[in-house]
Each structure stands twice: as C-alpha cells, then as structure tokens.
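**Student:** There's a structure below that I have some questions on.
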Amino acid sequence: MLDKEETERLYRQQAEKMHQLATTLLHDEEEAHDAVSEIFERLTDGAIRLPAEKPEAYLFVCLRNLCLDQIRKLSLRERISRHLTLETPSLIPVETEQELLADMMTYAEEVMTPQTWRVFQLRYDEGLSYRHISEQLGISQVAVYKHLAQALQMLRQQFNPKVR
C-alpha cells in the first residue's frame, strides 16, 4: 500500500488526465469524477496495489476497466428498461406505472422458481453484480446470467407479447 504522500503525488500528477479519459469513456462529467475518485479511494484503502514498474499506466488500466464496467451496467439497465415496457416509452401516470410494476413483481414471484426469483431480486432490487450474486448464492456467474435471462423472458412473454 502506498503512503499518503505518494498517493497525493500520483493524484496531483494523474487526476486531470484520468478525468479526461473517464469523461471520454462515460460521456458524463460527474460519473467521470466519481470514477477517478473511486480509483484513488481503492488505492488508498489497499484494494488496488500498484506495480513497481509503470504505476501510472496501471492506474489508467484500472480506471478504464471501472468505466467499462459502468458502461456495461448502464447498457444492461437500458436494455432491461426497454424490454419491460409494454410499448414504446410514453407519458403514463406514475400511479399506472407503479401498478404495472407491482403486477410484474407479483407475477414474477408467482411463476419464477425460488432460485430465479432470488437472483432477480438481488440484481434489480438490491443492485448486486453478477459476481456478488454468485458469491452470495453459491452459484456460478453463468447460472446468474441464465436465471436473469429466464426471468426477463417470462416477463416479456407475459407483459409484452409482441416481443418474442
């Protein structure tokens, strides 16, 4: 683990360049700032250990990977949002949307296997990653993916029969 002075030196030298990279990847200033902060937080608490050779390059690789993970999660959320809508997005009353979501959740709980329902809950209610779900339930990440794919397919068939 780096000492405080070394971490501060790296931050002063690299933060602006890292922020530019994150902004380029994420297309969002706030998310870019959060990503750079998270990298230095991980560095400070020892979650990231810099190699002796080219530590700056390693920081950029860590940042790139973090940004790609965020993009992947964002893309997944967007896909799920599109798949679970009944039609093209429209301006519907919040109450109607809440009723629809309640209906979807009731249906899901009734028809999904207990394992698929638990995976679905952990992913969408608690926002856990595939890795964390697999660790918590003692199943592989591939199994997590399969359970989620099955859950989404069930919801699509019931609530959006046009999409098959």
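Starting from 1 in every chain, residues are counted up; chains themselves are A, B, ... following the order of the structure tokens, and ligands are numbered from 1 as listed.
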For region 55-71 of chain A, please output as a ChimeraX atom specification all residues within 12 Å (counting only C-alpha atoms; exclusion window: fewer than 5 positions along the same chain).

**Tutor:** /A:2,6-7,9-28,31-43,47-50,76-78,129-130

**Student:** Grab the residues selected above and save them as a short mmCIF file (atom, residue, chain, number, x, y, z; two decimals), in the first residue's frame with N, CA and C atoms.

**Tutor:**
```
data_model
loop_
_atom_site.label_atom_id
_atom_site.label_comp_id
_atom_site.auth_asym_id
_atom_site.auth_seq_id
_atom_site.Cartn_x
_atom_site.Cartn_y
_atom_site.Cartn_z
N LEU A 2 0.50 2.24 -0.80
CA LEU A 2 1.27 3.47 -0.88
C LEU A 2 1.06 4.34 0.35
N GLU A 6 2.80 9.65 -1.36
CA GLU A 6 2.91 9.06 -2.70
C GLU A 6 1.56 9.06 -3.41
N THR A 7 0.51 8.75 -2.67
CA THR A 7 -0.84 8.76 -3.25
C THR A 7 -1.21 10.17 -3.68
N ARG A 9 0.84 12.57 -4.50
CA ARG A 9 1.66 12.92 -5.66
C ARG A 9 1.04 12.35 -6.93
N LEU A 10 0.66 11.08 -6.87
CA LEU A 10 0.02 10.46 -8.04
C LEU A 10 -1.27 11.17 -8.40
N TYR A 11 -2.02 11.54 -7.40
CA TYR A 11 -3.29 12.23 -7.66
C TYR A 11 -3.03 13.56 -8.37
N ARG A 12 -2.10 14.34 -7.84
CA ARG A 12 -1.79 15.64 -8.45
C ARG A 12 -1.30 15.48 -9.88
N GLN A 13 -0.51 14.46 -10.12
CA GLN A 13 0.06 14.25 -11.46
C GLN A 13 -0.93 13.66 -12.45
N GLN A 14 -1.80 12.78 -12.00
CA GLN A 14 -2.59 11.98 -12.94
C GLN A 14 -4.09 12.27 -12.95
N ALA A 15 -4.62 12.92 -11.94
CA ALA A 15 -6.08 13.05 -11.82
C ALA A 15 -6.71 13.73 -13.03
N GLU A 16 -6.12 14.79 -13.52
CA GLU A 16 -6.72 15.51 -14.65
C GLU A 16 -6.73 14.64 -15.91
N LYS A 17 -5.63 13.95 -16.18
CA LYS A 17 -5.59 13.06 -17.35
C LYS A 17 -6.58 11.92 -17.19
N MET A 18 -6.67 11.39 -15.98
CA MET A 18 -7.60 10.30 -15.72
C MET A 18 -9.04 10.78 -15.89
N HIS A 19 -9.31 11.99 -15.44
CA HIS A 19 -10.65 12.55 -15.58
C HIS A 19 -11.00 12.71 -17.06
N GLN A 20 -10.06 13.13 -17.86
CA GLN A 20 -10.30 13.26 -19.31
C GLN A 20 -10.63 11.91 -19.93
N LEU A 21 -9.88 10.88 -19.55
CA LEU A 21 -10.15 9.54 -20.07
C LEU A 21 -11.54 9.07 -19.65
N ALA A 22 -11.86 9.24 -18.38
CA ALA A 22 -13.16 8.79 -17.88
C ALA A 22 -14.29 9.55 -18.55
N THR A 23 -14.11 10.85 -18.76
CA THR A 23 -15.14 11.64 -19.44
C THR A 23 -15.32 11.17 -20.87
N THR A 24 -14.23 10.86 -21.53
CA THR A 24 -14.30 10.35 -22.90
C THR A 24 -15.06 9.03 -22.95
N LEU A 25 -14.81 8.16 -21.99
CA LEU A 25 -15.47 6.85 -21.98
C LEU A 25 -16.93 6.92 -21.52
N LEU A 26 -17.19 7.73 -20.50
CA LEU A 26 -18.52 7.73 -19.88
C LEU A 26 -19.45 8.82 -20.42
N HIS A 27 -18.89 9.83 -21.06
CA HIS A 27 -19.68 10.95 -21.59
C HIS A 27 -20.49 11.64 -20.51
N ASP A 28 -19.92 11.72 -19.31
CA ASP A 28 -20.62 12.35 -18.19
C ASP A 28 -19.57 12.84 -17.20
N GLU A 31 -20.00 11.36 -13.50
CA GLU A 31 -19.61 9.96 -13.41
C GLU A 31 -18.10 9.81 -13.57
N ALA A 32 -17.51 10.63 -14.43
CA ALA A 32 -16.06 10.59 -14.62
C ALA A 32 -15.35 10.98 -13.33
N HIS A 33 -15.83 12.03 -12.70
CA HIS A 33 -15.22 12.46 -11.43
C HIS A 33 -15.35 11.36 -10.37
N ASP A 34 -16.53 10.74 -10.30
CA ASP A 34 -16.75 9.65 -9.35
C ASP A 34 -15.83 8.47 -9.63
N ALA A 35 -15.63 8.16 -10.90
CA ALA A 35 -14.78 7.03 -11.27
C ALA A 35 -13.33 7.28 -10.84
N VAL A 36 -12.83 8.48 -11.11
CA VAL A 36 -11.44 8.81 -10.71
C VAL A 36 -11.33 8.77 -9.19
N SER A 37 -12.31 9.32 -8.52
CA SER A 37 -12.29 9.30 -7.05
C SER A 37 -12.29 7.87 -6.52
N GLU A 38 -13.10 7.03 -7.14
CA GLU A 38 -13.16 5.64 -6.69
C GLU A 38 -11.82 4.93 -6.86
N ILE A 39 -11.13 5.19 -7.96
CA ILE A 39 -9.81 4.58 -8.18
C ILE A 39 -8.85 4.99 -7.07
N PHE A 40 -8.83 6.28 -6.75
CA PHE A 40 -7.91 6.73 -5.70
C PHE A 40 -8.36 6.27 -4.31
N GLU A 41 -9.66 6.11 -4.12
CA GLU A 41 -10.14 5.54 -2.86
C GLU A 41 -9.67 4.10 -2.71
N ARG A 42 -9.80 3.33 -3.79
CA ARG A 42 -9.33 1.95 -3.77
C ARG A 42 -7.83 1.87 -3.55
N LEU A 43 -7.11 2.81 -4.12
CA LEU A 43 -5.67 2.86 -3.95
C LEU A 43 -5.33 3.16 -2.49
N ALA A 47 -7.17 -1.66 -1.87
CA ALA A 47 -7.85 -2.56 -2.80
C ALA A 47 -7.12 -2.64 -4.14
N ILE A 48 -6.40 -1.58 -4.47
CA ILE A 48 -5.55 -1.57 -5.66
C ILE A 48 -4.11 -1.48 -5.18
N ARG A 49 -3.29 -2.37 -5.69
CA ARG A 49 -1.86 -2.36 -5.37
C ARG A 49 -1.10 -2.08 -6.66
N LEU A 50 -0.40 -0.97 -6.68
CA LEU A 50 0.31 -0.58 -7.88
C LEU A 50 1.60 -1.37 -8.05
N LEU A 76 -26.99 -2.55 -19.62
CA LEU A 76 -27.90 -3.58 -19.13
C LEU A 76 -29.18 -2.94 -18.61
N ARG A 77 -29.05 -1.89 -17.82
CA ARG A 77 -30.22 -1.21 -17.29
C ARG A 77 -31.10 -0.68 -18.43
N GLU A 78 -30.47 -0.09 -19.43
CA GLU A 78 -31.23 0.44 -20.56
C GLU A 78 -31.95 -0.68 -21.30
N SER A 129 -24.02 -7.06 -8.37
CA SER A 129 -23.39 -7.51 -9.61
C SER A 129 -23.55 -9.03 -9.74
N TYR A 130 -23.32 -9.52 -10.94
CA TYR A 130 -23.39 -10.97 -11.17
C TYR A 130 -22.44 -11.69 -10.21
#
```

**Student:** Write out as an mmCIF file with C-alpha atoms, in the first residue's frame each polymer residue whose atoms come within 12 Å of His132 (chain A), counting only C-alpha atoms; drop sequence neighbours fewer than 4 positions from it.

**Tutor:**
```
data_model
loop_
_atom_site.group_PDB
_atom_site.id
_atom_site.type_symbol
_atom_site.label_atom_id
_atom_site.label_comp_id
_atom_site.auth_asym_id
_atom_site.auth_seq_id
_atom_site.Cartn_x
_atom_site.Cartn_y
_atom_site.Cartn_z
ATOM 1 C CA VAL A 119 -31.427 -13.893 -8.409
ATOM 2 C CA LEU A 122 -30.721 -9.456 -5.842
ATOM 3 C CA ARG A 123 -29.999 -7.964 -9.242
ATOM 4 C CA GLU A 126 -30.570 -4.724 -4.437
ATOM 5 C CA GLY A 127 -28.450 -3.844 -7.484
ATOM 6 C CA LEU A 128 -25.845 -6.537 -6.887
ATOM 7 C CA GLN A 136 -23.967 -14.897 -2.107
ATOM 8 C CA LEU A 137 -25.963 -17.793 -3.550
ATOM 9 C CA GLY A 138 -23.051 -20.152 -4.171
ATOM 10 C CA ILE A 139 -23.728 -20.491 -7.903
ATOM 11 C CA SER A 140 -21.676 -19.617 -10.977
ATOM 12 C CA GLN A 141 -21.926 -16.279 -12.759
ATOM 13 C CA VAL A 144 -26.832 -15.993 -12.576
#
```

**Student:** If you count only C-alpha atoms, which residues fall within 7 Å of Phe120 (chain A), apart from same-chain ones fewer than 4 positions away, as an NGL selection string?

**Tutor:** :A and (116 or 124 or 148 or 151)

**Student:** Can you tell me how far CA of Glu97 (chain A) sits from CA of Ile133 (chain A), in Å to one decimal?

**Tutor:** 27.6 Å

**Student:** In Å to one decimal, how far is CA of Leu101 (chain A) from CA of Ala149 (chain A)?

**Tutor:** 18.2 Å

**Student:** Between CA of Met112 (chain A) and CA of His147 (chain A), what is the spacing in Å?

**Tutor:** 9.4 Å

**Student:** Using DSSP assignments from the backbone, pull out every residue in chain A that falls under alpha helix (DSSP H) and give it to me as an MDAnalysis selection string.

**Tutor:** chainID A and resid 4:26 29:45 55:84 94:111 114:124 130:137 141:159
